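Structure below is final_9.cif: mmCIF, C-alpha atoms and all ligand atoms.
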```
data_target
loop_
_atom_site.group_PDB
_atom_site.id
_atom_site.type_symbol
_atom_site.label_atom_id
_atom_site.label_comp_id
_atom_site.auth_asym_id
_atom_site.auth_seq_id
_atom_site.Cartn_x
_atom_site.Cartn_y
_atom_site.Cartn_z
ATOM 1 C CA MET A 1 -20.045 -88.136 49.598
ATOM 2 C CA ARG A 2 -20.009 -89.713 46.161
ATOM 3 C CA ILE A 3 -18.834 -93.287 46.332
ATOM 4 C CA VAL A 4 -18.508 -96.182 43.885
ATOM 5 C CA LEU A 5 -18.658 -99.738 45.212
ATOM 6 C CA VAL A 6 -16.953 -102.378 43.057
ATOM 7 C CA GLY A 7 -16.438 -106.092 43.482
ATOM 8 C CA PRO A 8 -17.407 -109.369 41.824
ATOM 9 C CA PRO A 9 -20.962 -110.678 41.918
ATOM 10 C CA GLY A 10 -21.493 -112.167 45.376
ATOM 11 C CA ALA A 11 -19.005 -109.883 47.128
ATOM 12 C CA GLY A 12 -21.888 -108.463 49.163
ATOM 13 C CA LYS A 13 -22.141 -105.109 47.396
ATOM 14 C CA GLY A 14 -25.910 -104.884 47.788
ATOM 15 C CA THR A 15 -25.827 -105.889 51.452
ATOM 16 C CA GLN A 16 -22.996 -103.501 52.312
ATOM 17 C CA ALA A 17 -24.413 -100.683 50.192
ATOM 18 C CA ALA A 18 -27.658 -100.724 52.163
ATOM 19 C CA TYR A 19 -25.806 -100.332 55.498
ATOM 20 C CA LEU A 20 -23.252 -97.828 54.226
ATOM 21 C CA ALA A 21 -25.857 -95.631 52.553
ATOM 22 C CA GLU A 22 -27.858 -95.557 55.767
ATOM 23 C CA ASN A 23 -24.797 -94.757 57.922
ATOM 24 C CA LEU A 24 -23.716 -92.018 55.532
ATOM 25 C CA SER A 25 -27.262 -90.681 54.879
ATOM 26 C CA ILE A 26 -26.923 -90.891 51.113
ATOM 27 C CA PRO A 27 -29.088 -92.806 48.622
ATOM 28 C CA HIS A 28 -28.030 -96.270 47.497
ATOM 29 C CA ILE A 29 -28.185 -96.417 43.715
ATOM 30 C CA SER A 30 -28.030 -99.918 42.267
ATOM 31 C CA THR A 31 -28.356 -100.226 38.502
ATOM 32 C CA GLY A 32 -29.220 -103.927 38.944
ATOM 33 C CA ASP A 33 -32.130 -102.964 41.238
ATOM 34 C CA LEU A 34 -33.247 -100.270 38.787
ATOM 35 C CA PHE A 35 -33.275 -102.824 35.955
ATOM 36 C CA ARG A 36 -35.179 -105.369 38.081
ATOM 37 C CA ALA A 37 -37.764 -102.724 39.027
ATOM 38 C CA ASN A 38 -38.199 -101.858 35.337
ATOM 39 C CA ILE A 39 -38.587 -105.531 34.463
ATOM 40 C CA SER A 40 -41.252 -106.119 37.107
ATOM 41 C CA GLN A 41 -43.096 -102.975 35.977
ATOM 42 C CA GLY A 42 -42.924 -104.173 32.357
ATOM 43 C CA THR A 43 -41.343 -100.961 31.037
ATOM 44 C CA GLU A 44 -39.659 -100.657 27.658
ATOM 45 C CA LEU A 45 -36.311 -100.207 29.410
ATOM 46 C CA GLY A 46 -36.965 -103.409 31.367
ATOM 47 C CA GLN A 47 -37.700 -105.282 28.166
ATOM 48 C CA LYS A 48 -34.429 -104.074 26.662
ATOM 49 C CA ALA A 49 -32.445 -105.189 29.729
ATOM 50 C CA GLN A 50 -34.085 -108.531 30.419
ATOM 51 C CA GLU A 51 -32.311 -110.844 27.983
ATOM 52 C CA TYR A 52 -28.872 -109.466 28.815
ATOM 53 C CA MET A 53 -29.456 -109.903 32.536
ATOM 54 C CA ARG A 54 -30.838 -113.390 32.136
ATOM 55 C CA SER A 55 -27.666 -114.511 30.364
ATOM 56 C CA GLY A 56 -25.274 -112.679 32.702
ATOM 57 C CA GLN A 57 -24.147 -110.119 30.111
ATOM 58 C CA LEU A 58 -23.928 -106.375 30.555
ATOM 59 C CA VAL A 59 -26.916 -104.331 29.423
ATOM 60 C CA PRO A 60 -25.716 -102.013 26.612
ATOM 61 C CA ASP A 61 -24.192 -98.704 27.697
ATOM 62 C CA GLU A 62 -26.710 -96.572 25.798
ATOM 63 C CA VAL A 63 -29.485 -97.975 28.012
ATOM 64 C CA THR A 64 -27.505 -98.118 31.260
ATOM 65 C CA ILE A 65 -25.776 -94.746 31.292
ATOM 66 C CA GLY A 66 -28.966 -92.743 30.656
ATOM 67 C CA MET A 67 -30.810 -94.639 33.372
ATOM 68 C CA ALA A 68 -27.985 -94.105 35.903
ATOM 69 C CA LYS A 69 -27.732 -90.405 34.989
ATOM 70 C CA ASP A 70 -31.490 -89.885 35.475
ATOM 71 C CA ARG A 71 -31.284 -91.490 38.899
ATOM 72 C CA MET A 72 -28.226 -89.459 39.965
ATOM 73 C CA GLU A 73 -30.084 -86.294 38.977
ATOM 74 C CA GLN A 74 -33.000 -86.951 41.343
ATOM 75 C CA PRO A 75 -33.241 -84.423 44.202
ATOM 76 C CA ASP A 76 -32.372 -86.954 46.917
ATOM 77 C CA ALA A 77 -28.972 -87.494 45.267
ATOM 78 C CA GLU A 78 -27.933 -83.871 45.653
ATOM 79 C CA VAL A 79 -26.284 -84.756 48.978
ATOM 80 C CA GLY A 80 -24.275 -87.533 47.309
ATOM 81 C CA PHE A 81 -24.791 -91.209 46.518
ATOM 82 C CA LEU A 82 -23.403 -94.673 46.799
ATOM 83 C CA LEU A 83 -23.236 -96.364 43.408
ATOM 84 C CA ASP A 84 -23.562 -100.158 43.463
ATOM 85 C CA GLY A 85 -23.009 -101.945 40.159
ATOM 86 C CA PHE A 86 -22.277 -98.818 38.147
ATOM 87 C CA PRO A 87 -19.910 -98.168 36.434
ATOM 88 C CA ARG A 88 -19.259 -101.693 35.199
ATOM 89 C CA ASN A 89 -16.878 -100.991 32.296
ATOM 90 C CA LEU A 90 -14.460 -98.278 31.191
ATOM 91 C CA ALA A 91 -16.960 -96.502 28.926
ATOM 92 C CA GLN A 92 -19.360 -96.162 31.863
ATOM 93 C CA ALA A 93 -16.557 -94.916 34.150
ATOM 94 C CA GLU A 94 -15.663 -92.257 31.587
ATOM 95 C CA ALA A 95 -19.335 -91.329 31.172
ATOM 96 C CA LEU A 96 -19.677 -90.983 34.944
ATOM 97 C CA ASP A 97 -16.636 -88.698 35.075
ATOM 98 C CA ALA A 98 -18.177 -86.533 32.347
ATOM 99 C CA ILE A 99 -21.576 -86.383 34.092
ATOM 100 C CA LEU A 100 -19.946 -85.349 37.374
ATOM 101 C CA LYS A 101 -17.623 -82.861 35.707
ATOM 102 C CA ASP A 102 -20.554 -81.177 33.927
ATOM 103 C CA ALA A 103 -22.226 -80.773 37.305
ATOM 104 C CA GLY A 104 -19.018 -79.442 38.919
ATOM 105 C CA LEU A 105 -18.748 -82.552 41.099
ATOM 106 C CA LYS A 106 -16.288 -85.397 41.610
ATOM 107 C CA LEU A 107 -16.058 -88.836 43.161
ATOM 108 C CA ASP A 108 -14.718 -89.049 46.716
ATOM 109 C CA ALA A 109 -13.878 -92.734 46.918
ATOM 110 C CA VAL A 110 -14.009 -96.119 45.242
ATOM 111 C CA LEU A 111 -14.388 -99.053 47.584
ATOM 112 C CA ASP A 112 -13.245 -102.369 46.146
ATOM 113 C CA LEU A 113 -14.668 -105.468 47.882
ATOM 114 C CA GLU A 114 -12.325 -108.415 47.518
ATOM 115 C CA VAL A 115 -13.474 -112.006 47.859
ATOM 116 C CA PRO A 116 -12.024 -115.323 46.607
ATOM 117 C CA GLU A 117 -13.785 -116.849 43.616
ATOM 118 C CA ASP A 118 -14.876 -120.127 45.260
ATOM 119 C CA GLU A 119 -16.521 -118.104 48.034
ATOM 120 C CA VAL A 120 -18.385 -116.028 45.451
ATOM 121 C CA VAL A 121 -19.981 -119.108 43.926
ATOM 122 C CA LYS A 122 -21.039 -120.411 47.378
ATOM 123 C CA ARG A 123 -22.481 -117.054 48.357
ATOM 124 C CA ILE A 124 -24.515 -116.654 45.201
ATOM 125 C CA ALA A 125 -25.830 -120.220 45.105
ATOM 126 C CA GLY A 126 -27.402 -119.729 48.569
ATOM 127 C CA ARG A 127 -28.517 -116.132 48.161
ATOM 128 C CA ARG A 128 -32.195 -115.309 48.636
ATOM 129 C CA MET A 129 -33.735 -111.907 47.962
ATOM 130 C CA CYS A 130 -36.935 -110.343 49.305
ATOM 131 C CA ARG A 131 -39.602 -109.464 46.737
ATOM 132 C CA ASN A 132 -40.597 -106.344 48.723
ATOM 133 C CA ASP A 133 -37.183 -104.776 49.304
ATOM 134 C CA SER A 134 -33.978 -105.584 47.442
ATOM 135 C CA SER A 135 -31.847 -104.577 50.432
ATOM 136 C CA HIS A 136 -33.303 -107.501 52.445
ATOM 137 C CA ILE A 137 -30.832 -110.218 51.468
ATOM 138 C CA PHE A 138 -30.418 -113.645 53.114
ATOM 139 C CA HIS A 139 -28.294 -116.742 52.591
ATOM 140 C CA VAL A 140 -29.678 -120.232 53.232
ATOM 141 C CA GLU A 141 -26.532 -121.219 55.172
ATOM 142 C CA TYR A 142 -24.725 -118.047 56.310
ATOM 143 C CA THR A 143 -27.617 -115.718 57.193
ATOM 144 C CA PRO A 144 -30.816 -117.810 57.020
ATOM 145 C CA SER A 145 -34.224 -116.275 57.603
ATOM 146 C CA LYS A 146 -36.054 -117.560 60.705
ATOM 147 C CA VAL A 147 -38.810 -119.067 58.569
ATOM 148 C CA GLU A 148 -37.689 -120.574 55.270
ATOM 149 C CA GLY A 149 -38.772 -118.473 52.309
ATOM 150 C CA VAL A 150 -40.026 -115.551 54.427
ATOM 151 C CA CYS A 151 -38.187 -112.266 54.999
ATOM 152 C CA ASP A 152 -37.425 -111.625 58.708
ATOM 153 C CA LEU A 153 -37.621 -107.878 58.201
ATOM 154 C CA CYS A 154 -40.951 -107.455 56.422
ATOM 155 C CA GLY A 155 -42.565 -110.863 55.901
ATOM 156 C CA GLY A 156 -42.015 -110.647 52.122
ATOM 157 C CA GLU A 157 -41.473 -113.710 49.975
ATOM 158 C CA LEU A 158 -37.838 -114.714 49.493
ATOM 159 C CA TYR A 159 -36.765 -115.851 46.042
ATOM 160 C CA GLN A 160 -33.638 -116.823 44.133
ATOM 161 C CA ARG A 161 -32.610 -114.437 41.365
ATOM 162 C CA GLU A 162 -32.877 -115.968 37.921
ATOM 163 C CA ASP A 163 -29.277 -114.969 37.143
ATOM 164 C CA ASP A 164 -27.962 -116.615 40.335
ATOM 165 C CA SER A 165 -27.764 -120.078 38.735
ATOM 166 C CA GLU A 166 -24.226 -121.515 38.746
ATOM 167 C CA GLU A 167 -23.880 -121.319 34.957
ATOM 168 C CA THR A 168 -24.915 -117.655 34.829
ATOM 169 C CA VAL A 169 -22.727 -116.806 37.824
ATOM 170 C CA ARG A 170 -19.689 -118.179 35.952
ATOM 171 C CA LYS A 171 -20.600 -115.996 32.988
ATOM 172 C CA ARG A 172 -21.060 -112.942 35.262
ATOM 173 C CA LEU A 173 -17.662 -113.598 36.846
ATOM 174 C CA ALA A 174 -16.011 -113.786 33.417
ATOM 175 C CA VAL A 175 -17.673 -110.488 32.456
ATOM 176 C CA TYR A 176 -16.489 -108.986 35.749
ATOM 177 C CA HIS A 177 -12.862 -109.939 35.041
ATOM 178 C CA SER A 178 -12.832 -108.778 31.431
ATOM 179 C CA GLU A 179 -15.003 -105.649 31.601
ATOM 180 C CA THR A 180 -15.332 -104.408 35.172
ATOM 181 C CA GLU A 181 -11.919 -105.079 36.734
ATOM 182 C CA PRO A 182 -10.170 -102.603 34.413
ATOM 183 C CA ILE A 183 -12.090 -99.765 36.062
ATOM 184 C CA ILE A 184 -10.199 -100.456 39.299
ATOM 185 C CA ASP A 185 -6.916 -99.473 37.613
ATOM 186 C CA TYR A 186 -8.653 -96.508 35.996
ATOM 187 C CA TYR A 187 -9.660 -95.252 39.463
ATOM 188 C CA ARG A 188 -6.286 -96.242 41.001
ATOM 189 C CA ALA A 189 -4.702 -93.782 38.608
ATOM 190 C CA GLN A 190 -6.903 -91.145 40.275
ATOM 191 C CA SER A 191 -5.866 -92.396 43.771
ATOM 192 C CA LEU A 192 -9.489 -93.131 44.657
ATOM 193 C CA VAL A 193 -9.374 -96.865 45.415
ATOM 194 C CA THR A 194 -9.338 -98.627 48.768
ATOM 195 C CA THR A 195 -9.496 -102.414 48.674
ATOM 196 C CA ILE A 196 -10.973 -104.231 51.655
ATOM 197 C CA SER A 197 -11.621 -107.890 52.340
ATOM 198 C CA ALA A 198 -15.296 -108.807 52.047
ATOM 199 C CA LEU A 199 -14.843 -111.980 54.128
ATOM 200 C CA GLY A 200 -16.293 -112.378 57.615
ATOM 201 C CA GLN A 201 -19.504 -111.205 59.266
ATOM 202 C CA VAL A 202 -21.584 -108.594 57.451
ATOM 203 C CA SER A 203 -21.071 -106.156 60.349
ATOM 204 C CA GLU A 204 -17.276 -106.676 60.278
ATOM 205 C CA VAL A 205 -17.165 -105.802 56.600
ATOM 206 C CA THR A 206 -19.315 -102.705 57.228
ATOM 207 C CA THR A 207 -16.907 -101.578 59.963
ATOM 208 C CA ARG A 208 -13.934 -102.095 57.626
ATOM 209 C CA ALA A 209 -15.739 -100.206 54.863
ATOM 210 C CA MET A 210 -16.625 -97.260 57.106
ATOM 211 C CA ALA A 211 -13.002 -97.078 58.314
ATOM 212 C CA ALA A 212 -11.782 -97.151 54.706
ATOM 213 C CA LEU A 213 -14.093 -94.258 53.906
ATOM 214 C CA GLY A 214 -12.653 -92.324 56.814
ATOM 215 C CA SER A 215 -15.976 -92.455 58.670
ATOM 216 C CA GLY A 216 -15.249 -95.065 61.349
ATOM 217 C CA GLU A 217 -18.374 -96.117 63.266
HETATM 218 P P1 LIG A 301 -26.443 -106.711 39.911
HETATM 219 O O1 LIG A 301 -27.748 -106.638 40.603
HETATM 220 O O2 LIG A 301 -25.578 -105.508 40.169
HETATM 221 O O3 LIG A 301 -25.700 -108.009 40.149
HETATM 222 O O4 LIG A 301 -26.751 -106.662 38.336
HETATM 223 C C1 LIG A 301 -27.512 -107.692 37.721
HETATM 224 C C2 LIG A 301 -27.392 -107.601 36.211
HETATM 225 O O5 LIG A 301 -27.906 -106.343 35.768
HETATM 226 C C3 LIG A 301 -25.989 -107.666 35.646
HETATM 227 O O6 LIG A 301 -25.511 -109.003 35.522
HETATM 228 C C4 LIG A 301 -26.179 -106.972 34.297
HETATM 229 O O7 LIG A 301 -26.828 -107.823 33.372
HETATM 230 C C5 LIG A 301 -27.165 -105.864 34.660
HETATM 231 N N1 LIG A 301 -26.444 -104.626 35.084
HETATM 232 C C6 LIG A 301 -26.459 -104.043 36.311
HETATM 233 N N2 LIG A 301 -25.695 -102.935 36.329
HETATM 234 C C7 LIG A 301 -25.183 -102.807 35.081
HETATM 235 C C8 LIG A 301 -24.305 -101.874 34.456
HETATM 236 N N3 LIG A 301 -23.769 -100.848 35.144
HETATM 237 N N4 LIG A 301 -24.008 -102.061 33.139
HETATM 238 C C9 LIG A 301 -24.537 -103.079 32.445
HETATM 239 N N5 LIG A 301 -25.342 -104.005 32.968
HETATM 240 C C10 LIG A 301 -25.678 -103.889 34.274
#
```

Re-express the file's structure as structure tokens.
Ligand code: AMP
Amino acid sequence: MRIVLVGPPGAGKGTQAAYLAENLSIPHISTGDLFRANISQGTELGQKAQEYMRSGQLVPDEVTIGMAKDRMEQPDAEVGFLLDGFPRNLAQAEALDAILKDAGLKLDAVLDLEVPEDEVVKRIAGRRMCRNDSSHIFHVEYTPSKVEGVCDLCGGELYQREDDSEETVRKRLAVYHSETEPIIDYYRAQSLVTTISALGQVSEVTTRAMAALGSGE
């Protein structure tokens, strides 16, 4: 299956993507994670992305699209993939269509995670990520780790993303509304979109998502 996950920052895309990709046996491709890996490795691509990410803006398409294409062309993605955070604007959605068309492929579904804006801000303010594995995500109030600052799953150090400050979150939300939301209508026109509520327990949202994808658990 080839799936796109959309939703505002803090909707739980990364958390859900990790579970869904595992259930569906397809790789989870997160452009945000790819950028963060490039930044921590000090690559040229990471240097190009860093300032945009820090200020909550989109990294330019000429950097992002090539990086996403390279990742989608890796052998493990032959069986399909779950895209998290890509595409994030109409130009990227059109580029993705072209990439898939060239390969004789198409998208199967677009899953839209819906969450009220005040909830988004609360979720992001308390979010903590593991330095070892970006799919290990906690929340100081909703899903706290057993020991503060330590990942339950691997013992890694938990940290707060630099772009999770309230000011940057507001900027990221504004960018989401102006640049990313239009892709939902673009995909609606192709009858690909299912919108589900991202409220409730993580496992409840996963169950809803799997049902929406026609792969009920
Ligand atoms: P995320 O981890 O998906 O929240 O992404 C974190 C940041 O990485 C975003 O705020 C952007 O600065 C950048 N980013 C991730 N994916 C994209 C994309 N598809 N296009 C442009 N910038 C992106």

Q: Using all atoms listed in the file, give me every residue within 9 Å of (-9.5, -110.4, 48.6) in file coordinates, as a VMD selection string.
A: chain A and resid 113 to 116 195 to 199

Can you write just those residues out, C-alpha atoms, as a compact mmCIF listing (two decimals), in the frame of the given file?
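Saved to again_7.txt:
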```
# COMPACT_ATOMS: atom_id res chain seq x y z
CA LEU A 113 -14.67 -105.47 47.88
CA GLU A 114 -12.32 -108.42 47.52
CA VAL A 115 -13.47 -112.01 47.86
CA PRO A 116 -12.02 -115.32 46.61
CA THR A 195 -9.50 -102.41 48.67
CA ILE A 196 -10.97 -104.23 51.66
CA SER A 197 -11.62 -107.89 52.34
CA ALA A 198 -15.30 -108.81 52.05
CA LEU A 199 -14.84 -111.98 54.13
```

Q.
Running the PyMOL selection byres (((chain A and resi 163-176) around 6) and not hetatm) on this model by hand, what would come out? Give it as a list in words.
A. Arg54, Gly56, Ile124, Arg161, Glu162, His177, Ser178, Glu179 and Thr180 of chain A

**Q.** Pick from A:Asn89, A:Gln41, A:Gln47, A:Thr206, whichever lies nearest to ligand LIG 301 (chain A) using all atoms listed in the file
**A.** A:Asn89

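Proximity ranking of A:Ala21, A:Leu58, A:Met1, A:Val6 relative to ligand LIG 301 (chain A) places A:Leu58 first, based on all atoms listed in the file.
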
(Q) Once the PyMOL selection byres (((not hetatm)) within 7 of (chain A and resi 301)) has been evaluated on this model, what residues remain selected, and can you format them as an MDAnalysis selection string? (A) chainID A and resid 9 30:33 35 52:54 56:61 64 84:88 172

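Taking all atoms listed in the file into account, Ala98 (chain A) lies nearest to A:Ile65 out of the set A:Ile65, A:Ala209, A:Gly14, A:Gly200.
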
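The space separating CA of Gln50 (chain A) from CA of Leu34 (chain A) comes to 11.8 Å.
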